Each structure stands twice: as C-alpha cells, then as structure tokens.
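Printed here is coords_10.tsv (TSV, C-alpha atoms):
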```tsv
chain	number	residue	atom	x	y	z
A	203	MET	CA	0.00	0.00	0.00
A	204	ARG	CA	2.95	2.36	0.50
A	205	PRO	CA	3.23	3.47	-3.17
A	206	VAL	CA	-0.52	4.13	-3.19
A	207	THR	CA	-0.51	6.15	0.03
A	208	ASP	CA	2.57	8.08	-1.09
A	209	LYS	CA	0.77	8.98	-4.32
A	210	PHE	CA	-2.12	10.48	-2.36
A	211	LYS	CA	0.19	12.31	0.09
A	212	ILE	CA	-0.78	10.17	3.10
A	213	CYS	CA	1.71	10.48	5.92
A	214	ARG	CA	3.81	7.35	6.41
A	215	ALA	CA	3.40	7.58	10.17
A	216	LYS	CA	-0.35	7.38	9.65
A	217	LEU	CA	0.07	4.36	7.38
A	218	ALA	CA	2.18	2.74	10.11
A	219	TYR	CA	-0.57	3.42	12.68
A	220	ILE	CA	-3.20	1.85	10.42
A	221	ILE	CA	-0.98	-1.20	9.91
A	222	ASP	CA	-0.33	-1.52	13.64
A	223	ALA	CA	-3.98	-0.96	14.58
A	224	THR	CA	-5.12	-3.74	12.25
A	225	ALA	CA	-2.43	-6.26	13.23
A	226	ALA	CA	-2.42	-7.45	16.86
A	227	PRO	CA	-5.95	-6.11	17.64
A	228	ILE	CA	-7.30	-8.27	14.80
A	229	CYS	CA	-5.26	-11.34	15.75
A	230	ILE	CA	-6.40	-11.26	19.37
A	231	ILE	CA	-10.07	-11.56	18.36
A	232	ALA	CA	-9.53	-13.96	15.43
A	233	PRO	CA	-10.01	-17.65	16.25
A	234	VAL	CA	-8.08	-18.54	13.09
A	235	SER	CA	-4.67	-17.49	14.36
A	236	SER	CA	-1.74	-18.73	16.38
A	237	TRP	CA	-2.71	-16.23	19.10
A	238	ALA	CA	-5.57	-18.50	20.15
A	239	ALA	CA	-3.05	-21.30	20.59
A	240	ALA	CA	-0.78	-18.98	22.59
A	241	VAL	CA	-3.62	-18.16	24.98
A	242	GLY	CA	-4.55	-21.83	25.38
A	243	SER	CA	-0.95	-22.84	26.03
A	244	SER	CA	-0.70	-20.19	28.79
A	245	LEU	CA	-3.25	-22.02	30.94
A	246	PRO	CA	-1.81	-24.13	33.79
A	247	PRO	CA	-1.20	-27.78	32.78
A	248	ASP	CA	-3.56	-29.08	35.47
A	249	SER	CA	-6.40	-26.77	34.39
A	250	ASP	CA	-9.67	-28.37	33.32
A	251	VAL	CA	-10.59	-25.32	31.22
A	252	ASP	CA	-10.74	-25.67	27.43
A	253	GLY	CA	-8.27	-23.01	26.29
A	254	PHE	CA	-9.76	-22.55	22.81
A	255	ALA	CA	-13.30	-22.27	24.16
A	256	LEU	CA	-12.13	-19.77	26.78
A	257	PHE	CA	-10.45	-17.71	24.05
A	258	LEU	CA	-13.67	-17.63	22.02
A	259	GLN	CA	-15.62	-16.42	25.06
A	260	THR	CA	-13.21	-13.51	25.61
A	261	ILE	CA	-13.62	-12.12	22.07
A	262	PRO	CA	-16.73	-9.94	22.73
A	263	PHE	CA	-15.12	-8.52	25.88
A	264	ASN	CA	-11.71	-7.66	24.41
A	265	LEU	CA	-12.36	-3.95	24.66
A	266	TYR	CA	-9.03	-2.65	23.40
A	267	ALA	CA	-9.17	-4.61	20.15
A	268	ILE	CA	-12.76	-3.62	19.39
A	269	LEU	CA	-12.42	0.04	20.39
A	270	THR	CA	-9.10	0.41	18.56
A	271	MET	CA	-10.67	-0.66	15.27
A	272	LEU	CA	-13.59	1.72	15.80
A	273	PHE	CA	-11.25	4.61	16.65
A	274	MET	CA	-8.99	3.82	13.70
A	275	LEU	CA	-11.98	3.97	11.34
A	276	PHE	CA	-12.99	7.32	12.86
A	277	ILE	CA	-9.51	8.75	12.28
A	278	VAL	CA	-9.37	7.46	8.70
A	279	ILE	CA	-12.85	8.63	7.71
A	280	SER	CA	-12.87	12.00	9.51
A	281	GLY	CA	-9.23	12.88	8.88
A	282	ARG	CA	-9.12	14.68	12.23
A	283	ASP	CA	-5.65	13.81	13.41
A	284	PHE	CA	-4.38	15.35	16.62
A	285	ALA	CA	-1.29	15.61	18.84
A	286	THR	CA	1.99	14.58	17.19
A	287	MET	CA	0.22	12.79	14.33
A	288	LYS	CA	-1.33	16.09	13.21
A	289	LYS	CA	2.12	17.62	12.84
A	290	SER	CA	3.40	14.66	10.81
A	291	VAL	CA	0.33	14.73	8.57
A	292	GLU	CA	0.68	18.47	7.91
A	293	GLU	CA	4.34	18.02	6.97
A	294	SER	CA	3.33	15.48	4.30
A	295	LEU	CA	0.55	17.52	2.67
A	296	ASP	CA	2.75	18.83	-0.14
A	297	GLU	CA	5.30	16.01	-0.28
A	298	VAL	CA	5.52	12.77	1.70
A	299	LYS	CA	8.32	12.95	4.24
A	300	ILE	CA	10.72	10.04	3.69
A	301	PRO	CA	13.21	9.31	6.52
A	302	LYS	CA	16.83	9.58	5.49
A	303	GLU	CA	17.47	5.93	6.34
A	304	TYR	CA	14.97	4.92	3.64
A	305	VAL	CA	15.88	7.45	0.96
A	306	GLY	CA	17.03	5.44	-2.06
A	307	ALA	CA	16.91	2.18	-0.09
A	308	VAL	CA	14.09	0.62	-2.07
A	309	GLU	CA	12.84	1.97	-5.36
A	310	GLU	CA	9.51	0.48	-6.39
A	311	LYS	CA	9.61	-0.43	-10.04
A	312	GLN	CA	6.72	0.59	-12.25
A	313	SER	CA	5.01	-2.21	-14.16
A	314	GLY	CA	4.31	-0.06	-17.20
A	315	GLY	CA	0.56	-0.13	-16.67
A	316	ASN	CA	0.10	-3.87	-17.30
A	317	GLY	CA	-1.14	-4.61	-13.80
A	318	ARG	CA	-4.81	-4.87	-12.87
A	319	ILE	CA	-6.72	-4.89	-9.60
A	320	ILE	CA	-6.82	-8.69	-9.70
A	321	ASP	CA	-3.01	-8.73	-9.65
A	322	LEU	CA	-3.14	-7.12	-6.20
A	323	VAL	CA	-6.15	-8.89	-4.73
A	324	LEU	CA	-5.60	-12.46	-5.95
A	325	PRO	CA	-2.08	-12.98	-4.49
A	326	LEU	CA	-3.27	-11.58	-1.14
A	327	ALA	CA	-6.25	-13.95	-1.15
A	328	VAL	CA	-3.98	-16.89	-1.99
A	329	LEU	CA	-1.58	-15.87	0.78
A	330	ILE	CA	-4.36	-15.80	3.39
A	331	VAL	CA	-5.89	-19.11	2.26
A	332	THR	CA	-2.57	-20.96	2.04
A	333	CYS	CA	-1.40	-19.67	5.43
A	334	ILE	CA	-4.65	-20.82	7.03
A	335	TYR	CA	-4.32	-24.18	5.31
A	336	GLY	CA	-0.68	-24.36	6.44
A	337	MET	CA	-1.79	-23.90	10.05
A	338	LEU	CA	-4.37	-26.66	9.67
A	339	TYR	CA	-1.82	-28.91	7.94
A	340	THR	CA	0.90	-28.46	10.56
A	341	GLY	CA	-1.72	-28.90	13.28
A	342	GLY	CA	-2.67	-32.35	11.99
A	343	ILE	CA	-5.95	-31.80	10.15
A	344	HIS	CA	-5.10	-34.74	7.85
A	345	GLU	CA	-4.47	-36.95	10.85
A	346	GLY	CA	-8.07	-36.79	12.02
A	347	LYS	CA	-7.88	-33.78	14.35
A	348	THR	CA	-10.69	-31.27	14.51
A	349	VAL	CA	-10.31	-27.74	13.15
A	350	ALA	CA	-10.08	-26.31	16.68
A	351	ASP	CA	-7.42	-28.85	17.73
A	352	SER	CA	-5.48	-28.25	14.51
A	353	PHE	CA	-5.30	-24.52	15.12
A	354	ALA	CA	-4.37	-25.11	18.77
A	355	ASP	CA	-1.50	-27.47	17.86
A	356	CYS	CA	-0.25	-25.73	14.71
A	357	ASP	CA	3.27	-24.54	13.96
A	358	ALA	CA	2.54	-20.94	12.96
A	359	SER	CA	6.08	-20.18	11.74
A	360	GLN	CA	6.17	-23.21	9.45
A	361	ALA	CA	2.66	-22.43	8.20
A	362	LEU	CA	3.62	-18.85	7.29
A	363	VAL	CA	6.71	-20.05	5.40
A	364	LEU	CA	4.63	-22.63	3.54
A	365	GLY	CA	1.93	-20.10	2.66
A	366	SER	CA	4.44	-17.46	1.58
A	367	PHE	CA	6.34	-19.90	-0.66
A	368	ILE	CA	3.17	-21.14	-2.38
A	369	THR	CA	2.03	-17.54	-2.89
A	370	LEU	CA	5.41	-16.60	-4.36
A	371	ILE	CA	5.15	-19.40	-6.92
A	372	PHE	CA	1.54	-18.46	-7.66
A	373	THR	CA	2.49	-14.80	-8.16
A	374	ALA	CA	5.24	-15.78	-10.60
A	375	LEU	CA	2.78	-17.87	-12.61
A	376	LEU	CA	0.27	-15.00	-12.53
A	377	TYR	CA	2.69	-12.20	-13.52
A	378	LEU	CA	5.38	-13.62	-15.78
A	379	PRO	CA	3.34	-15.23	-18.60
A	380	ARG	CA	1.25	-12.04	-18.90
A	381	LYS	CA	4.41	-9.87	-18.72
A	382	VAL	CA	3.09	-7.79	-15.83
A	383	VAL	CA	6.74	-7.66	-14.76
A	384	SER	CA	9.83	-9.04	-16.41
A	385	PHE	CA	11.64	-12.05	-14.98
A	386	THR	CA	14.61	-9.82	-14.09
A	387	ASP	CA	12.45	-7.33	-12.21
A	388	PHE	CA	10.62	-10.16	-10.44
A	389	CYS	CA	13.90	-11.61	-9.17
A	390	GLU	CA	15.24	-8.18	-8.19
A	391	CYS	CA	12.28	-7.81	-5.82
A	392	PHE	CA	13.76	-10.55	-3.63
A	393	GLY	CA	16.86	-8.49	-2.91
A	394	GLN	CA	14.82	-5.35	-2.41
A	395	GLY	CA	12.66	-7.15	0.13
A	396	PHE	CA	15.71	-8.28	2.09
A	397	LYS	CA	17.12	-4.74	2.06
A	398	ALA	CA	13.85	-3.30	3.33
A	399	MET	CA	13.84	-5.69	6.31
A	400	VAL	CA	17.45	-5.16	7.46
A	401	PRO	CA	16.69	-2.14	9.73
A	402	ALA	CA	13.72	-3.96	11.26
A	403	ILE	CA	15.82	-7.08	11.93
A	404	PHE	CA	18.48	-5.05	13.76
A	405	ILE	CA	15.88	-3.31	15.92
A	406	LEU	CA	14.18	-6.65	16.62
A	407	CYS	CA	17.46	-8.18	17.77
A	408	LEU	CA	17.99	-5.32	20.21
A	409	ALA	CA	14.36	-5.49	21.35
A	410	TRP	CA	14.57	-9.24	21.99
A	411	THR	CA	17.76	-8.66	23.96
A	412	LEU	CA	16.02	-6.11	26.17
A	413	SER	CA	13.03	-8.42	26.59
A	414	GLY	CA	15.37	-11.22	27.60
A	415	VAL	CA	16.97	-9.05	30.26
A	416	CYS	CA	13.49	-8.42	31.69
A	417	GLY	CA	12.74	-12.16	31.63
A	418	ASP	CA	12.79	-14.83	34.31
A	419	LYS	CA	16.54	-15.50	34.14
A	420	TYR	CA	17.58	-11.91	34.92
A	421	LEU	CA	15.34	-9.09	36.22
A	422	ALA	CA	12.25	-11.35	36.47
A	423	LEU	CA	10.01	-8.33	35.94
A	424	GLY	CA	7.00	-10.52	35.26
A	425	ASN	CA	7.32	-12.42	38.54
A	426	TYR	CA	7.51	-9.16	40.47
A	427	VAL	CA	4.39	-7.79	38.79
A	428	GLY	CA	2.58	-11.09	39.32
A	429	MET	CA	3.40	-11.06	43.03
A	430	ILE	CA	1.94	-7.55	43.40
A	431	VAL	CA	-1.28	-8.56	41.63
A	432	HIS	CA	-1.64	-11.75	43.67
A	433	ASP	CA	-1.13	-9.92	46.98
A	434	ASN	CA	-3.88	-7.42	46.15
A	435	ALA	CA	-6.50	-9.81	44.85
A	436	ALA	CA	-8.94	-9.31	47.73
A	437	LEU	CA	-10.97	-6.62	45.95
A	438	ALA	CA	-12.46	-8.92	43.33
A	439	ILE	CA	-14.61	-6.23	41.72
A	440	PHE	CA	-11.49	-4.36	40.62
A	441	LEU	CA	-9.73	-7.42	39.19
A	442	PRO	CA	-10.59	-6.82	35.50
A	443	VAL	CA	-9.34	-3.23	35.49
A	444	VAL	CA	-6.27	-4.19	37.57
A	445	PHE	CA	-5.39	-7.02	35.18
A	446	PHE	CA	-5.88	-4.67	32.20
A	447	LEU	CA	-3.59	-1.97	33.59
A	448	VAL	CA	-0.94	-4.42	34.80
A	449	ALA	CA	-0.95	-6.28	31.47
A	450	ALA	CA	-0.64	-3.00	29.55
A	451	GLY	CA	2.29	-1.87	31.69
A	452	LEU	CA	4.03	-5.24	31.51
A	453	ALA	CA	3.60	-5.57	27.75
A	454	PHE	CA	4.83	-2.00	27.24
A	455	ALA	CA	7.93	-2.61	29.35
A	456	THR	CA	8.84	-5.99	27.86
A	457	GLY	CA	7.55	-5.51	24.32
A	458	THR	CA	5.81	-8.87	24.21
A	459	SER	CA	2.11	-9.62	24.43
A	460	TRP	CA	2.60	-13.40	24.35
A	461	GLY	CA	5.00	-13.20	27.28
A	462	THR	CA	2.38	-11.17	29.15
A	463	PHE	CA	-0.18	-13.91	28.47
A	464	GLY	CA	2.16	-16.50	29.91
A	465	ILE	CA	2.73	-14.50	33.09
A	466	LEU	CA	-0.72	-13.13	33.93
A	467	ILE	CA	-3.14	-15.83	32.71
A	468	PRO	CA	-1.88	-18.41	35.27
A	469	ILE	CA	-2.11	-15.69	37.95
A	470	ALA	CA	-5.72	-14.98	36.98
A	471	MET	CA	-6.46	-18.70	37.19
A	472	ALA	CA	-4.85	-18.86	40.63
A	473	VAL	CA	-6.52	-15.73	41.99
A	474	ILE	CA	-10.04	-16.76	40.94
A	475	THR	CA	-11.17	-20.02	42.48
A	476	LEU	CA	-12.86	-21.70	39.55
A	477	THR	CA	-16.51	-22.53	40.20
A	478	PRO	CA	-19.62	-22.21	38.02
A	479	GLU	CA	-20.38	-18.92	39.83
A	480	THR	CA	-16.92	-17.43	39.23
A	481	TYR	CA	-16.42	-18.60	35.64
A	482	ASP	CA	-17.85	-15.38	34.17
A	483	MET	CA	-15.40	-13.34	36.25
A	484	LEU	CA	-12.56	-15.54	35.00
A	485	VAL	CA	-13.58	-14.85	31.39
A	486	LEU	CA	-13.64	-11.10	32.08
A	487	CYS	CA	-10.21	-11.20	33.74
A	488	ILE	CA	-8.68	-13.22	30.91
A	489	ALA	CA	-10.22	-10.77	28.42
A	490	ALA	CA	-8.71	-7.91	30.42
A	491	VAL	CA	-5.27	-9.59	30.31
A	492	LEU	CA	-5.48	-10.10	26.54
A	493	SER	CA	-6.77	-6.57	26.01
A	494	GLY	CA	-4.08	-4.99	28.18
A	495	ALA	CA	-1.33	-7.08	26.61
A	496	VAL	CA	-2.28	-5.90	23.12
A	497	CYS	CA	-2.58	-2.32	24.37
A	498	GLY	CA	0.92	-2.30	25.87
A	499	ASP	CA	2.32	-4.14	22.87
A	500	HIS	CA	0.68	-1.58	20.56
A	501	ALA	CA	2.40	1.34	22.26
A	502	SER	CA	5.75	-0.26	23.12
A	503	PRO	CA	8.74	0.94	21.09
A	504	ILE	CA	10.44	-2.46	21.50
A	505	SER	CA	7.44	-4.52	20.38
A	506	ASP	CA	7.98	-6.58	17.23
A	507	THR	CA	4.61	-5.52	15.79
A	508	THR	CA	5.45	-1.83	16.33
A	509	ILE	CA	8.88	-2.30	14.76
A	510	LEU	CA	7.56	-4.18	11.75
A	511	ALA	CA	4.75	-1.65	11.23
A	512	SER	CA	7.23	1.22	11.01
A	513	ALA	CA	9.51	-0.88	8.78
A	514	GLY	CA	6.65	-1.79	6.48
A	515	ALA	CA	5.54	1.82	6.14
A	516	GLN	CA	9.20	2.90	5.91
A	517	CYS	CA	8.75	5.68	8.43
A	518	ASN	CA	11.02	6.63	11.30
A	519	HIS	CA	10.44	4.16	14.13
A	520	LEU	CA	10.40	6.71	16.94
A	521	GLU	CA	8.07	8.94	14.93
A	522	HIS	CA	5.68	6.01	14.60
A	523	VAL	CA	5.76	5.46	18.37
A	524	GLU	CA	5.31	9.18	19.18
A	525	THR	CA	2.37	9.60	16.80
A	526	GLN	CA	0.68	6.39	17.87
A	527	VAL	CA	0.85	6.73	21.68
A	528	PRO	CA	-1.78	9.54	21.97
A	529	TYR	CA	-4.25	7.42	20.01
A	530	VAL	CA	-3.48	4.40	22.19
A	531	LEU	CA	-4.03	6.44	25.36
A	532	VAL	CA	-7.46	7.63	24.19
A	533	VAL	CA	-8.64	4.08	23.57
A	534	ALA	CA	-6.95	2.73	26.72
A	535	SER	CA	-8.76	5.31	28.86
A	536	CYS	CA	-12.14	4.17	27.51
A	537	CYS	CA	-11.15	0.54	28.09
A	538	THR	CA	-10.22	1.31	31.71
A	539	VAL	CA	-13.72	2.63	32.36
A	540	GLY	CA	-15.24	-0.35	30.56
A	541	PHE	CA	-13.30	-2.92	32.60
A	542	LEU	CA	-14.16	-1.07	35.79
A	543	VAL	CA	-17.83	-1.49	34.88
A	544	ASP	CA	-17.12	-5.15	34.05
A	545	GLY	CA	-15.90	-5.76	37.58
A	546	LEU	CA	-18.67	-3.82	39.30
A	547	THR	CA	-21.50	-5.47	37.35
A	548	GLN	CA	-19.81	-8.74	36.26
A	549	ASN	CA	-21.46	-8.13	32.92
A	550	GLY	CA	-19.03	-7.96	30.02
A	551	PHE	CA	-21.56	-6.65	27.52
A	552	LEU	CA	-22.42	-3.74	29.79
A	553	GLY	CA	-18.72	-2.89	30.09
A	554	LEU	CA	-18.39	-3.03	26.30
A	555	LEU	CA	-21.37	-0.70	25.93
A	556	VAL	CA	-19.92	1.79	28.43
A	557	GLY	CA	-16.54	1.66	26.70
A	558	ILE	CA	-18.14	2.39	23.32
A	559	VAL	CA	-20.14	5.27	24.82
A	560	PHE	CA	-16.99	6.85	26.26
A	561	LEU	CA	-15.16	6.34	22.96
A	562	VAL	CA	-18.00	8.02	21.05
A	563	ALA	CA	-17.82	10.91	23.53
A	564	ALA	CA	-14.08	11.18	22.88
A	565	MET	CA	-14.73	11.18	19.12
A	566	VAL	CA	-17.28	13.98	19.51
A	567	ILE	CA	-14.81	16.07	21.51
A	568	ILE	CA	-12.05	15.47	18.95
A	569	ARG	CA	-14.39	16.34	16.09
A	570	ALA	CA	-15.40	19.56	17.85
A	571	ARG	CA	-11.88	20.71	18.75
A	572	VAL	CA	-9.85	19.50	15.77
A	573	PRO	CA	-10.58	21.34	12.51
A	574	ALA	CA	-11.39	19.32	9.41
A	575	PRO	CA	-8.45	18.76	7.04
A	576	THR	CA	-8.14	21.30	4.23
A	577	LYS	CA	-6.58	18.81	1.81
```
What would you get if you wrote out this structure as structure tokens?
Amino acid sequence: MRPVTDKFKICRAKLAYIIDATAAPICIIAPVSSWAAAVGSSLPPDSDVDGFALFLQTIPFNLYAILTMLFMLFIVISGRDFATMKKSVEESLDEVKIPKEYVGAVEEKQSGGNGRIIDLVLPLAVLIVTCIYGMLYTGGIHEGKTVADSFADCDASQALVLGSFITLIFTALLYLPRKVVSFTDFCECFGQGFKAMVPAIFILCLAWTLSGVCGDKYLALGNYVGMIVHDNAALAIFLPVVFFLVAAGLAFATGTSWGTFGILIPIAMAVITLTPETYDMLVLCIAAVLSGAVCGDHASPISDTTILASAGAQCNHLEHVETQVPYVLVVASCCTVGFLVDGLTQNGFLGLLVGIVFLVAAMVIIRARVPAPTK
C-alpha cells in the first residue's frame, strides 16, 4: 500500500498506525490465528478449562481490540488527526516525508501499466488461504484432528513459510506469462525485500535482547508484577481493570504480548477459584489480560509488531511510536472505564457498551476541537 498512500500524500506515520492498529488487535479476536493457541498454552497444565473455548468467550469482551478498530476507522474517515500525528500529517501535505534511512533504499519499479486490480487482490487472497491451510496442515488436520485442535497445535512459523512460498510461486505464474513484470524485475524484488527488512531485523534483535533481560533469568520483571497482583487480589470487583492496567504496563515494558499472556493468565487462574459462579469473572479477567497485553504491545517501542509496522511503512520508528501513543491512550482510557464497569457489574456486555459510549464521547470532543483537514 505504501506506493498508493505516497501517491495520495498520506503520511507514512499514519500508514504505520493503520498497519499496527489492524495487526495485533485483529489477531487477538480472530479464532483462526496462532494467538488462540498462545492463549490456550498459557493455561496451567492441570487446568480443566478448554483453552480454545475460553479464548472464544473472551472475544466480545476484548475492549481494546474492538475500540481500537472503531477509533482507527474514525480517524481514517474523519481525517481529524491530533497531537503529534497532526504535525506529521501536515508536513506530508505537499510532499511525503521520507526518513533519510529509507531514501534510495528501495525503489519500487513501475510495471508499465500492465497490472490490474486482480493482480493485487488475488495474491493476497492466496496468501491468506494458504497460510490458514498451512496452520491446519501443521496442526494435523489430515491426521483426524478437529479444526479447533489443529489450530491449537499448529506450527505458525512453518505455516507462514509454507503459505508465503506457495504464494510466491503463484504470483510468478500470474505475472510472468502475462508480462506484468519481467523475470529480471521479479527476481530483483527478492533483494529489495531483504534490504527493506534489514533495519527492522536489527531493531528486533535489540528489542529481543532487552526483553530477555526483563525475563525470568535476569530481572524477572513478570514475577515481580505477578506477586503484586496476587497480593492485592482481595478486591475482586477491581480485578478486570487491575489485570488490564498491569498487562498493559508489563507488555509496554517488555515488548511482548505473548510473554504477558504466559505470566498473567496463570495468575488470573490462581486468583479466581474456579466454580460455576466465578467462571464469568474468570472470562472477564482473561479478556482484560489479553486486552491490556495488546494495548501495551501496541504502544511499546520495542514490540515486534510496532517495529515491523514502522519498517513496512518505511517511516522513522520513533516517529511512529510518538504519533501512535496519543491514540493508544485515548482508547486505553475508555477501556479502563469499561473494565471497571465489568468488575462492578460482572457483565461484560455492559462494560463493552460503556466503553463504546466513552469512545464516542471522545470522538465527539475530537471532532469539535480539531478542525477538518483542508486537503
């Protein structure tokens, strides 16, 4: 999408936000993803709870994912950017600002007008279908397992490699005979893709190093946070909002949402004595953990999704973080109120409704105070 957004003078930081807002927030409410397996594997081994079923029940109550998508659509449709994003957007009105580290790094080749809409849509559709099939295949769908068990036991990395390779072959067969691109240009794209990912790989290596330092073998930041939550578990009505805030802080500090799942989900299971009467509260707390983990991961400068979003949009990484954080804080504030209502009423749908109401109020205020774009 970057050549298209550059053509229409859309700020690259805004493109990075849209990419980031439709990545992890979508995955955390999509049953067809490795994230469902990650949540299920975070449950204690002796738990009698079906991890996949529990994940499905948390989807309607994952406030951050739902509200983020609504807020992102509001920003895109209204064009009323604010805070640091407004400054970046205004700087790109006449000419898209390209960071110096990306100037001349990758030059998109023009196809000479031979491409059609189908040449964009069909490879993407094949990529999605083959990756989903790859997850089912590596999970043992041909060995008699159910679809749910196959997704739970899949090897997501292997599935993505399989899907990408099949799509690459399909794209070659789609483009080359019709001369959409020449064989030389098609092969040159491989090298250009590697070049585009080098800065992201370096940042990821440093981010993983920092996350490792915060892990169990060194600072054990997660254990410390878990101990604080466990010691203050008496006020059960505040558990959803506490788990949301703690998960957001932990994911922001460590840059990993999956690691946050692994730390806080077992704590939630231990804090809430599982009975038929308390199961609804458990679902709300797990939803709060997932929601907070994605929230912190969304804003963290050392998160892999944040790094890859800025690399994909080819914008400055710190600019992406600075422009995205105000938007994250708006949504996170509405989620905090929603999870507080969740705990007080033990009704997830009521909390979702309150969160949406507060988000709509925030949108109205933004629309009233931020002038409409002139271009």
Length of the atom CA of Ala361 of chain A to atom CA of Thr340 of chain A vector [Å] | 6.7 Å
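Among the candidates A:Ile230, A:Asp296, A:Ala240, A:Phe463, the one nearest to Phe210 of chain A when counting all atoms listed in the file is A:Asp296.
Proximity ranking of A:Thr525, A:Ser236, A:Thr260, A:Ser280 relative to Ile568 of chain A places A:Ser280 first, based on all atoms listed in the file.
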Any idea what's packed within 12 Å of Val363 of chain A, counting only C-alpha atoms, ignoring anything in its chain fewer than 3 positions away? Could you give it as a list in words?
-> Leu329, Thr332, Cys333, Ile334, Tyr335, Gly336, Met337, Thr340, Asp357, Ala358, Ser359, Gln360, Ser366, Phe367, Ile368, Thr369 and Leu370 of chain A
Can you work out the spacing between atom CA of Asp248 of chain A and atom CA of Lys347 of chain A in Å, to one decimal?
-> 22.1 Å
Just want the 8 Å neighbourhood of Ala455 of chain A, counted on all atoms listed in the file, with same-chain residues fewer than 4 positions away dropped. Output as a short mmCIF file (atom, residue, chain, number, x, y, z; two decimals) with C-alpha atoms, in the coordinates of the input.
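New file result23.cif:
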```
data_model
loop_
_atom_site.label_atom_id
_atom_site.label_comp_id
_atom_site.auth_asym_id
_atom_site.auth_seq_id
_atom_site.Cartn_x
_atom_site.Cartn_y
_atom_site.Cartn_z
CA GLY A 451 2.29 -1.87 31.69
CA GLY A 498 0.92 -2.30 25.87
CA SER A 502 5.75 -0.26 23.12
#
```
For Arg204 of chain A: contacts at 8 Å, all atoms listed in the file, fewer than 2 positions along chain excluded, given as a ChimeraX atom specification = /A:206-208,214,217,515
Restricting the calculation to all atoms listed in the file, which member of A:Cys487, A:Met471, A:Ile509, A:Leu322 is positioned closest to Leu265 of chain A?
-> A:Cys487
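Distances from A:Asp283, A:Asp499, A:Asp321, A:Glu479 to Val523 of chain A were compared using all atoms listed in the file, and the smallest one belongs to A:Asp499.
Distance annotation: of A:Thr538, A:Gln516, A:Gln526, A:Thr286, the residue with the minimal separation from Met203 of chain A is A:Gln516; atom set is all atoms listed in the file.
For the pair atom CA of Val328 of chain A and atom CA of Ile261 of chain A, the separation is 26.4 Å.
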Exercise: Trp460 of chain A partners within 12 Å, only C-alpha atoms, chain neighbours under 5 positions left out, as an NGL selection string | :A and (226 or 229-230 or 236-244 or 413 or 449 or 452-454 or 465-467 or 491-496 or 498-499 or 505-507)
Excluding Ile228 of chain A and residues on its chain fewer than 5 positions from it, collect all residues at most 9 Å away from it, counting all atoms listed in the file, and give them as a list of chain:residue names.
-> A:Ala223, A:Ala267, A:Ile268, A:Met271
Hey, which of A:Ile320, A:Leu447, A:Cys517, A:Lys419 ends up closest to Ser294 of chain A? Count only C-alpha atoms.
-> A:Cys517
